[in-house]
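So the structure is just underneath, and the comments pick up after that.
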Amino acid sequence: MKKFIAVFVLVLLAACTTQKKYVDFDYSYSRSGGLLPVYENLWVKGTSAHYIYERQGKKVKKDFKLTQNDLQNIETALSDNRFRMIEEDYNKVYDRVATAIIVKKGANSGSKSDASLIREKDQDRWNKVVAVFENIIKTNVAGESR
């Protein structure tokens with residue numbers, strides 16, 4: 001019985017530490033939904049990045065390091081495009097892939113999603129912010145997803 005309890009505690013502790021990378025992050029980029037559902041997530045903490053992609057039975061998981069230039073590009077895109085000032089629309093949109101970005105670090109802290117669309121006047125700025133994250137995925141997960 002003591003061995004069972006020890007194994008249970010060990011498994012519980014291991015499960016708790018693996019979830020930490022999904023909670024403790026500076027930047028988060030995610031895409032999900034659609035008629036053929038896609039789930040794509042990028043979490044960044046410091047220079048460490050964790051990426052997951054799932055679609056139609058295909059799964060990709062990858063951990064990688066970002067350069068200081070990558071981090072600077074993220075911050076520049078957020079600042080130059082006034083991320084916190086981007087306005088979300090409130091229309092209901094169904095059966096489409098939605099993108100969400102969460103920033104927990106610095107002056108650009110905030111959360112935005114195009115699940116209900118982005119206001120037309122802010123769409124170009126939103127696209128520029130999204131492009132930075134997509135470029136990071138493209139260069140670090142070369143051809144493994146999408």
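Chains: A, B, ... in order of the structure tokens. Residues: from 1 per chain. Ligands: from 1, in order shown.
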
What's around Ile102 (chain A) at 10 Å? Count only C-alpha atoms, leave out sequence neighbours fewer than 3 positions away in its own chain, and write the answer as a compact mmCIF listing (two decimals) with all heavy atoms, in the first residue's frame.
```txt
# COMPACT_ATOMS: atom_id res chain seq x y z
N PHE A 25 3.67 31.78 -18.96
CA PHE A 25 4.26 32.22 -20.21
C PHE A 25 4.24 33.74 -20.31
O PHE A 25 3.49 34.42 -19.61
CB PHE A 25 3.53 31.61 -21.41
CG PHE A 25 2.05 31.93 -21.45
CD1 PHE A 25 1.59 33.12 -21.98
CD2 PHE A 25 1.12 31.03 -20.95
CE1 PHE A 25 0.24 33.42 -22.01
CE2 PHE A 25 -0.23 31.31 -20.98
CZ PHE A 25 -0.67 32.52 -21.51
N ASP A 26 5.09 34.28 -21.20
CA ASP A 26 5.11 35.71 -21.47
C ASP A 26 4.19 36.05 -22.65
O ASP A 26 3.50 37.05 -22.64
CB ASP A 26 6.52 36.18 -21.81
CG ASP A 26 7.50 35.98 -20.65
OD1 ASP A 26 7.06 36.02 -19.48
OD2 ASP A 26 8.70 35.77 -20.91
N TYR A 27 4.23 35.18 -23.67
CA TYR A 27 3.43 35.37 -24.87
C TYR A 27 2.77 34.05 -25.24
O TYR A 27 3.36 32.99 -25.11
CB TYR A 27 4.30 35.80 -26.07
CG TYR A 27 5.20 36.96 -25.79
CD1 TYR A 27 6.56 36.76 -25.54
CD2 TYR A 27 4.72 38.26 -25.79
CE1 TYR A 27 7.40 37.82 -25.29
CE2 TYR A 27 5.56 39.33 -25.55
CZ TYR A 27 6.90 39.11 -25.30
OH TYR A 27 7.73 40.16 -25.04
N SER A 28 1.55 34.14 -25.74
CA SER A 28 0.84 32.95 -26.20
C SER A 28 0.16 33.28 -27.52
O SER A 28 -0.48 34.33 -27.66
CB SER A 28 -0.21 32.54 -25.18
OG SER A 28 -1.07 31.56 -25.72
N TYR A 29 0.32 32.38 -28.49
CA TYR A 29 -0.34 32.49 -29.79
C TYR A 29 -1.10 31.19 -30.00
O TYR A 29 -0.55 30.11 -29.80
CB TYR A 29 0.71 32.67 -30.89
CG TYR A 29 0.20 32.43 -32.29
CD1 TYR A 29 -0.35 33.47 -33.03
CD2 TYR A 29 0.27 31.18 -32.88
CE1 TYR A 29 -0.82 33.27 -34.32
CE2 TYR A 29 -0.20 30.96 -34.17
CZ TYR A 29 -0.73 32.00 -34.88
OH TYR A 29 -1.20 31.79 -36.15
N SER A 30 -2.37 31.28 -30.36
CA SER A 30 -3.12 30.06 -30.61
C SER A 30 -4.09 30.25 -31.76
O SER A 30 -4.61 31.34 -31.98
CB SER A 30 -3.87 29.60 -29.36
OG SER A 30 -4.86 30.52 -29.03
N TRP A 43 3.64 28.83 -26.92
CA TRP A 43 3.84 29.52 -25.65
C TRP A 43 5.29 29.91 -25.55
O TRP A 43 6.18 29.10 -25.82
CB TRP A 43 3.50 28.60 -24.46
CG TRP A 43 2.07 28.21 -24.39
CD1 TRP A 43 1.05 28.94 -23.86
CD2 TRP A 43 1.49 26.98 -24.83
NE1 TRP A 43 -0.13 28.24 -23.96
CE2 TRP A 43 0.11 27.04 -24.55
CE3 TRP A 43 2.01 25.84 -25.45
CZ2 TRP A 43 -0.75 26.00 -24.86
CZ3 TRP A 43 1.14 24.81 -25.76
CH2 TRP A 43 -0.22 24.90 -25.47
N LYS A 105 3.45 40.11 -20.48
CA LYS A 105 4.70 40.76 -20.11
C LYS A 105 4.76 42.17 -20.69
O LYS A 105 4.47 42.39 -21.86
CB LYS A 105 5.86 39.94 -20.69
CG LYS A 105 7.21 40.53 -20.48
CD LYS A 105 8.27 39.69 -21.17
CE LYS A 105 9.60 40.38 -21.06
NZ LYS A 105 10.62 39.72 -21.84
N ASN A 108 2.60 46.03 -23.16
CA ASN A 108 1.62 45.57 -24.13
C ASN A 108 0.76 44.44 -23.61
O ASN A 108 0.10 43.75 -24.39
CB ASN A 108 2.34 45.12 -25.41
CG ASN A 108 3.04 46.27 -26.08
OD1 ASN A 108 2.41 47.25 -26.43
ND2 ASN A 108 4.34 46.14 -26.25
N SER A 109 0.73 44.23 -22.31
CA SER A 109 -0.05 43.14 -21.73
C SER A 109 -1.51 43.25 -22.13
O SER A 109 -2.09 44.33 -22.10
CB SER A 109 0.05 43.17 -20.20
OG SER A 109 1.36 42.91 -19.80
N GLY A 110 -2.05 42.12 -22.52
CA GLY A 110 -3.45 42.10 -22.91
C GLY A 110 -3.78 40.82 -23.64
O GLY A 110 -2.92 39.97 -23.86
N SER A 111 -5.02 40.70 -24.03
CA SER A 111 -5.51 39.52 -24.72
C SER A 111 -6.42 39.96 -25.85
O SER A 111 -7.34 40.76 -25.63
CB SER A 111 -6.28 38.64 -23.74
OG SER A 111 -6.89 37.58 -24.40
N LYS A 112 -6.16 39.44 -27.05
CA LYS A 112 -6.99 39.77 -28.21
C LYS A 112 -7.28 38.50 -29.00
O LYS A 112 -6.46 37.60 -29.06
CB LYS A 112 -6.28 40.77 -29.15
CG LYS A 112 -5.88 42.07 -28.50
CD LYS A 112 -7.06 42.91 -28.16
CE LYS A 112 -6.60 44.19 -27.46
NZ LYS A 112 -7.69 44.94 -26.92
N SER A 113 -8.45 38.47 -29.62
CA SER A 113 -8.84 37.31 -30.42
C SER A 113 -9.68 37.78 -31.60
O SER A 113 -10.47 38.72 -31.47
CB SER A 113 -9.66 36.33 -29.58
OG SER A 113 -10.18 35.31 -30.39
```

Given only C-alpha atoms as the basis, pick out the residue of A:Tyr90, A:Phe64, A:Thr76, A:Ala100 nearest to Ala142 (chain A).
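Among A:Tyr90, A:Phe64, A:Thr76, A:Ala100, it is A:Phe64 that comes nearest to Ala142 (chain A).
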
Taking the DSSP assignment computed from this structure's backbone, write out as a PyMOL selection string all residues of chain A that belong to strand (DSSP E).
chain A and resi 27-33+38-45+48-55+58-65+97-103+110-113

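Among the candidates A:Leu117, A:Val141, A:Leu42, A:Ala131, the residue lying nearest to Ile74 (chain A) is A:Ala131 (atoms considered: only C-alpha atoms).
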
So which residues of chain A fall under helix (DSSP H, G or I) by DSSP, listed as number ranges by chain?
A: 2-23, 68-80, 83-85, 120-140

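Proximity ranking of A:Arg96, A:Lys65, A:Lys104, A:Arg119 relative to Asp24 (chain A) places A:Lys104 first, based on only C-alpha atoms.
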
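Of note, CA of Asn127 (chain A) and CA of Asn81 (chain A) are spaced 9.5 Å apart.
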
What is the CA of Lys128 (chain A) to CA of Glu40 (chain A) distance in Å?
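Interatomic distance, CA of Lys128 (chain A) to CA of Glu40 (chain A): 18.5 Å.
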
For CA of Leu36 (chain A) and CA of Asp124 (chain A), determine how far apart the two atoms are, in Å to one decimal place.
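Distance reported for this atom pair: 26.3 Å.
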
What's the 10 Å shell around Arg125 (chain A), counting only C-alpha atoms, without same-chain residues fewer than 6 positions away, as a PyMOL selection string?
chain A and resi 77-78+80-83+85-86+118+131

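For the choices A:Arg31, A:Leu71, A:Lys62, A:Arg84, the atom-to-atom distance to Lys45 (chain A) is smallest for A:Leu71 when using only C-alpha atoms.
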